[in-house]
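Take a look at the structure below.
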Amino acid sequence: MNPHVRQYDGGRVLVGGSPGRLMRLSAKAVTLLDGDELAVSSVTAVLAERLLDAGMMDPVAATLPTPSLDELSVVVPVRDRPRQLDRLLGALPRDVHVLVVDDASKRPDLVAATAKKHGAEVVALSVNVGPAAARNRGFAASRTPYVAFVDSDVVPDPGTFDVLLRHFADPGLALVAPRILGLQSETARSRGTVDVLDRYEAAMSSLDRGPDPALVRPMSRVAWLPSACVVVRRTALAACDGFSEEMRVGEDVDLVWRLASSGHRVRYEPGVSVQHEHRVSPRSWLVRKAVYGTSAAPLAERHGPAVAPAVFTPWTVAFAAAVVAQRRWSLPVAGAVWALAAGRLVQRCRPTTGQGIAWPATTQLAARLSYDGASSSLQQVGALALRHWWPVVLPAALVSSRVRRVVAVAAVADAAHEWRRTRPDLDPVNFLVARRLDDLAYGAGVWSGAFRARSARALLPRLTR
């Protein structure tokens with residue numbers, strides 16, 4: 001069972017998945033489960049498929065057969081970076097076919113010499129086409145049923161590709177990726193600002209999707225995967241025409257969402273990892289965060305509300321608005337909204353003939369779901385104020401004490417929550433400063449992309465029932 005799934009009513013009711021949902025199991029289905037595990041057989045195959053497709057359960061890689069590494073090619077898009085390329089090629093398994101796609105390097109001789117040293121094939125491009133197009137060129141030159149795309153600034157751990165390939169025992173799987181962790185930067189030689197950023201990235205990298213496995217879909221806990229290291233099924237990638245070459249950033253998010261919308265599964269496997277050399281000089285770090293933000297507008301144009309920076313329901317909007325208003329009536333009104341939402345959930349889950357949840361579990365579930373909704377709404381309001389909407393919120397804070405209080409509370413609460421969750425090798429004050437700079441840079445990128453696209457879609461929350 002996925003660690004984020006909660007069970008109620010003796011295991012008959014599951015809450016979680018990708019995206020989140022409530023699922024009721026029949027009494028017979030409950031008997032097929034062995035605690036949190038389900039052994040797949042002819043009897044349990046339908047249930048297993050249903051739980052996998054809902055993101056309620058995850059495959060145990062160690063129990064799956066391992067395809068031969070002869071079935072895998074590794075495509076490395078690179079422009080110069082011979083030192084990083086040499087480090088990567090030396091860490092790859094010796095028995096895989098490696099294609100280095102030289103994206104019009106200024107010193108192609110160094111790239112070619114590095115590839116030759118490790119026995120890798122070189123696909124040389126005369127014009128710089130960007131990482132997405134370079135990956136497509138390498139993919140076209142490969143012939144194996146599975147292809148790994150690996151950036152030159154990462155180092156895979158031993159056995160990473162053996163584990164990732166096991167997941168393709170699922171015929172519906174199109175793409176799988178490992179966890180991205182930090183590689184100690186060569187520029188982190190002192191305990192100054194650079195060292196602070198290096199420690200912050202080790203805990204809060206934009207590329208690290210967390211310690212828990214997940215089925216990857218838009219609007220889910222893990223909604224996208226970085227292309228720093230992914231393994232794809234050839235037929236699935238070919239069917240969706242590869243990476244979008246017109247996108248210089250965000251092409252990985254776009255690919256994952258197109259695969260998911262086509263009915264394919266995309267999986268995150270944090271049981272194995274690659275080490276990524278993060279940018280940690282202040283200028284390059286801030287620029288990279290802003291560049292990530294610029295992808296929001298083109299993604300919104302392609303995928304609409306999947307890019308929404310927050311998702312609310314009518315009652316969570318009312319709850320958050322009452323709290324943020326900071327009036328004498330705020331807490332009573334917020335409490336009344338929460339109570340009404342919990343009451344509605346109790347009614348929706350009430351026992352009926354052959355259905356529903358037993359009454360004790362009903363009230364427990366309703367209380368937990370309504371608490372989660374209220375908490376999430378406040379967290380999302382804080383994230384909007386600090387990250388996506390700060391160019392509007394900060395000027396408002398200069399003239400409004402209420403807005404200043406919202407910003408101050410959100411800034412400290414968010415940093416405290418993330419510091420406690422990640423336990424970084426960094427003191428809370430420096431962590432808070434780095435966290436806020438991260439948000440400011442990303443938000444600036446989102447607004448820059450929105451202005452260029454002449455569209456505010458990437459800035460608008462989504463309202464759903």
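Following the order of the structure tokens, first chain is A, next is B, and so on, with residues numbered from 1 inside each chain and ligands from 1 in the order they appear.
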
Q: Identify, with DSSP run on backbone atoms, the residues in segment 264-323 of chain A assigned to strand (DSSP E), and express the list as JSON, numbers by chain.
A: {"A": [265, 266, 267, 268, 269, 270, 271, 272, 273, 274, 275, 276, 311, 312]}

Take the residues that were just selected and, keeping C-alpha atoms, output them as a PDB file, in the first residue's frame.
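Produced file again.pdb, reproduced below:
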ATOM      1  CA  ARG A 265       1.310   4.874 -16.372  1.00  0.00           C
ATOM      2  CA  VAL A 266       4.254   6.956 -15.180  1.00  0.00           C
ATOM      3  CA  ARG A 267       5.989   5.901 -11.983  1.00  0.00           C
ATOM      4  CA  TYR A 268       8.350   7.439  -9.461  1.00  0.00           C
ATOM      5  CA  GLU A 269      10.764   4.989  -7.807  1.00  0.00           C
ATOM      6  CA  PRO A 270      12.707   6.620  -4.945  1.00  0.00           C
ATOM      7  CA  GLY A 271      14.231   3.291  -3.904  1.00  0.00           C
ATOM      8  CA  VAL A 272      17.128   4.162  -6.214  1.00  0.00           C
ATOM      9  CA  SER A 273      18.642   7.560  -6.908  1.00  0.00           C
ATOM     10  CA  VAL A 274      21.041   9.626  -8.970  1.00  0.00           C
ATOM     11  CA  GLN A 275      23.186  12.444  -7.605  1.00  0.00           C
ATOM     12  CA  HIS A 276      22.703  15.814  -9.306  1.00  0.00           C
ATOM     13  CA  VAL A 311      -6.844  23.993  -6.028  1.00  0.00           C
ATOM     14  CA  PHE A 312      -9.818  24.965  -3.882  1.00  0.00           C
TER      15      PHE A 312
END

Neighbouring residues of Leu52 of chain A were defined as those with any atom within 10 Å, considering only C-alpha atoms; residues of the same chain fewer than 4 positions away were excluded. Please report them as a PDB file with N, CA and C atoms, in the first residue's frame.
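Contents of the output file part.pdb:
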ATOM      1  N   MET A   1       0.851  -1.187   0.000  1.00  0.00           N
ATOM      2  CA  MET A   1       0.000   0.000   0.000  1.00  0.00           C
ATOM      3  C   MET A   1       0.893   1.246   0.000  1.00  0.00           C
ATOM      4  N   ASN A   2       0.490   2.227  -0.772  1.00  0.00           N
ATOM      5  CA  ASN A   2       1.256   3.463  -0.772  1.00  0.00           C
ATOM      6  C   ASN A   2       1.241   4.080   0.624  1.00  0.00           C
ATOM      7  N   GLY A  17      -4.248   8.017  -2.992  1.00  0.00           N
ATOM      8  CA  GLY A  17      -4.124   7.748  -4.413  1.00  0.00           C
ATOM      9  C   GLY A  17      -3.638   8.938  -5.208  1.00  0.00           C
ATOM     10  N   SER A  18      -3.624   8.774  -6.531  1.00  0.00           N
ATOM     11  CA  SER A  18      -3.103   9.785  -7.457  1.00  0.00           C
ATOM     12  C   SER A  18      -4.092   9.994  -8.597  1.00  0.00           C
ATOM     13  N   VAL A  46      -7.388  -8.417 -11.125  1.00  0.00           N
ATOM     14  CA  VAL A  46      -8.290  -7.292 -11.368  1.00  0.00           C
ATOM     15  C   VAL A  46      -8.181  -6.267 -10.248  1.00  0.00           C
ATOM     16  N   LEU A  47      -8.158  -6.731  -9.003  1.00  0.00           N
ATOM     17  CA  LEU A  47      -8.024  -5.823  -7.869  1.00  0.00           C
ATOM     18  C   LEU A  47      -6.677  -5.103  -7.918  1.00  0.00           C
ATOM     19  N   ALA A  48      -5.609  -5.840  -8.227  1.00  0.00           N
ATOM     20  CA  ALA A  48      -4.282  -5.233  -8.301  1.00  0.00           C
ATOM     21  C   ALA A  48      -4.237  -4.131  -9.362  1.00  0.00           C
ATOM     22  N   MET A  56      -3.138   3.703  -5.359  1.00  0.00           N
ATOM     23  CA  MET A  56      -3.296   3.271  -3.967  1.00  0.00           C
ATOM     24  C   MET A  56      -2.177   2.311  -3.544  1.00  0.00           C
ATOM     25  N   MET A  57      -1.688   1.530  -4.494  1.00  0.00           N
ATOM     26  CA  MET A  57      -0.610   0.581  -4.221  1.00  0.00           C
ATOM     27  C   MET A  57       0.509   0.791  -5.219  1.00  0.00           C
ATOM     28  N   ASP A  58       1.719   0.365  -4.835  1.00  0.00           N
ATOM     29  CA  ASP A  58       2.893   0.489  -5.683  1.00  0.00           C
ATOM     30  C   ASP A  58       3.566  -0.875  -5.842  1.00  0.00           C
ATOM     31  N   PRO A  59       4.123  -1.154  -7.022  1.00  0.00           N
ATOM     32  CA  PRO A  59       4.833  -2.418  -7.196  1.00  0.00           C
ATOM     33  C   PRO A  59       6.064  -2.483  -6.295  1.00  0.00           C
ATOM     34  N   ASP A 170       5.193  -4.156 -15.797  1.00  0.00           N
ATOM     35  CA  ASP A 170       3.847  -3.616 -15.963  1.00  0.00           C
ATOM     36  C   ASP A 170       3.698  -3.170 -17.412  1.00  0.00           C
ATOM     37  N   ALA A 214       5.335   6.739  -6.048  1.00  0.00           N
ATOM     38  CA  ALA A 214       4.061   7.332  -6.458  1.00  0.00           C
ATOM     39  C   ALA A 214       3.769   7.013  -7.915  1.00  0.00           C
ATOM     40  N   LEU A 215       2.488   6.942  -8.211  1.00  0.00           N
ATOM     41  CA  LEU A 215       2.014   7.002  -9.583  1.00  0.00           C
ATOM     42  C   LEU A 215       1.929   8.480  -9.939  1.00  0.00           C
ATOM     43  N   ARG A 265       0.887   4.642 -17.745  1.00  0.00           N
ATOM     44  CA  ARG A 265       1.310   4.874 -16.372  1.00  0.00           C
ATOM     45  C   ARG A 265       2.716   5.468 -16.366  1.00  0.00           C
TER      46      ARG A 265
END

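For the choices A:Val129, A:Ala321, A:Leu463, A:Asp208, the atom-to-atom distance to Val406 of chain A is smallest for A:Ala321 when using only C-alpha atoms.
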
Q) Excluding same-chain residues fewer than 6 positions from Ser205 of chain A, what lies within 9 Å of it counting only C-alpha atoms, as number ranges by chain? A) A: 180-182, 278

Any chance you could tabulate, as a Markdown table, the residues of segment 9-92 of chain A at most 12 Å from segment 155-163 of chain A with each one's nearest atom pair and distance in Å to one decimal, using only C-alpha atoms, in chain and rising number order?
| residue | atom | partner | partner_atom | distance |
| --- | --- | --- | --- | --- |
| A:Pro59 | CA | A:Val163 | CA | 11.4 |
| A:Val60 | CA | A:Val163 | CA | 10.0 |
| A:Ala61 | CA | A:Val163 | CA | 6.4 |
| A:Ala62 | CA | A:Val163 | CA | 7.6 |
| A:Thr63 | CA | A:Val163 | CA | 10.4 |
| A:Leu64 | CA | A:Val163 | CA | 9.0 |
| A:Pro65 | CA | A:Val163 | CA | 9.6 |
| A:Thr66 | CA | A:Asp162 | CA | 6.6 |
| A:Pro67 | CA | A:Asp162 | CA | 7.7 |
| A:Ser68 | CA | A:Asp162 | CA | 8.1 |
| A:Leu69 | CA | A:Asp162 | CA | 7.3 |
| A:Asp70 | CA | A:Asp162 | CA | 11.0 |
| A:Glu71 | CA | A:Asp162 | CA | 11.0 |
| A:Leu72 | CA | A:Phe161 | CA | 8.7 |
| A:Ser73 | CA | A:Phe161 | CA | 10.5 |
| A:Val74 | CA | A:Phe161 | CA | 10.0 |
| A:Val76 | CA | A:Val155 | CA | 11.9 |
| A:Gln84 | CA | A:Val155 | CA | 8.9 |
| A:Leu85 | CA | A:Val155 | CA | 9.6 |
| A:Asp86 | CA | A:Val155 | CA | 10.3 |
| A:Arg87 | CA | A:Val155 | CA | 7.2 |
| A:Leu88 | CA | A:Val155 | CA | 5.3 |
| A:Leu89 | CA | A:Val155 | CA | 8.6 |
| A:Gly90 | CA | A:Val155 | CA | 8.9 |
| A:Ala91 | CA | A:Val155 | CA | 6.4 |
| A:Leu92 | CA | A:Pro156 | CA | 7.0 |

Output for the residues just chosen: C-alpha atoms as a tab-separated table (two decimals), in the first residue's frame:
chain	number	residue	atom	x	y	z
A	59	PRO	CA	4.83	-2.42	-7.20
A	60	VAL	CA	7.62	-3.89	-5.07
A	61	ALA	CA	10.55	-3.75	-7.47
A	62	ALA	CA	12.45	-6.58	-5.77
A	63	THR	CA	9.64	-9.01	-6.66
A	64	LEU	CA	9.61	-8.14	-10.37
A	65	PRO	CA	11.68	-9.81	-13.11
A	66	THR	CA	14.71	-7.90	-14.38
A	67	PRO	CA	15.13	-7.34	-18.13
A	68	SER	CA	18.66	-7.61	-19.44
A	69	LEU	CA	20.66	-4.39	-19.69
A	70	ASP	CA	21.14	-5.35	-23.34
A	71	GLU	CA	17.60	-4.05	-23.80
A	72	LEU	CA	18.60	-0.57	-22.62
A	73	SER	CA	20.27	2.34	-24.39
A	74	VAL	CA	21.41	5.49	-22.55
A	76	VAL	CA	23.16	11.72	-22.88
A	84	GLN	CA	30.79	16.16	-15.95
A	85	LEU	CA	30.42	13.90	-18.99
A	86	ASP	CA	33.51	11.93	-18.01
A	87	ARG	CA	32.17	11.49	-14.47
A	88	LEU	CA	28.79	10.29	-15.74
A	89	LEU	CA	30.11	7.86	-18.36
A	90	GLY	CA	32.42	6.32	-15.79
A	91	ALA	CA	29.42	5.61	-13.53
A	92	LEU	CA	27.18	3.99	-16.17

**Q.** Å distance separating atom CA of Val323 of chain A from atom CA of Ala339 of chain A, one decimal place
**A.**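 Atom CA of Ala339 of chain A lies at a distance of 14.6 Å from atom CA of Val323 of chain A.
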
Q: Write down as a ChimeraX atom specification the residues belonging to segment 172-372 of chain A that are assigned alpha helix (DSSP H) by DSSP computed on the backbone.
A: /A:193-204,234-239,251-261,282-294,296-303,314-325,330-348,359-372

**Q.** Atom pair atom CA of Asp241 of chain A / atom CA of Arg137 of chain A: separation (Å)
**A.**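 Going from atom CA of Asp241 of chain A over to atom CA of Arg137 of chain A covers 11.8 Å.
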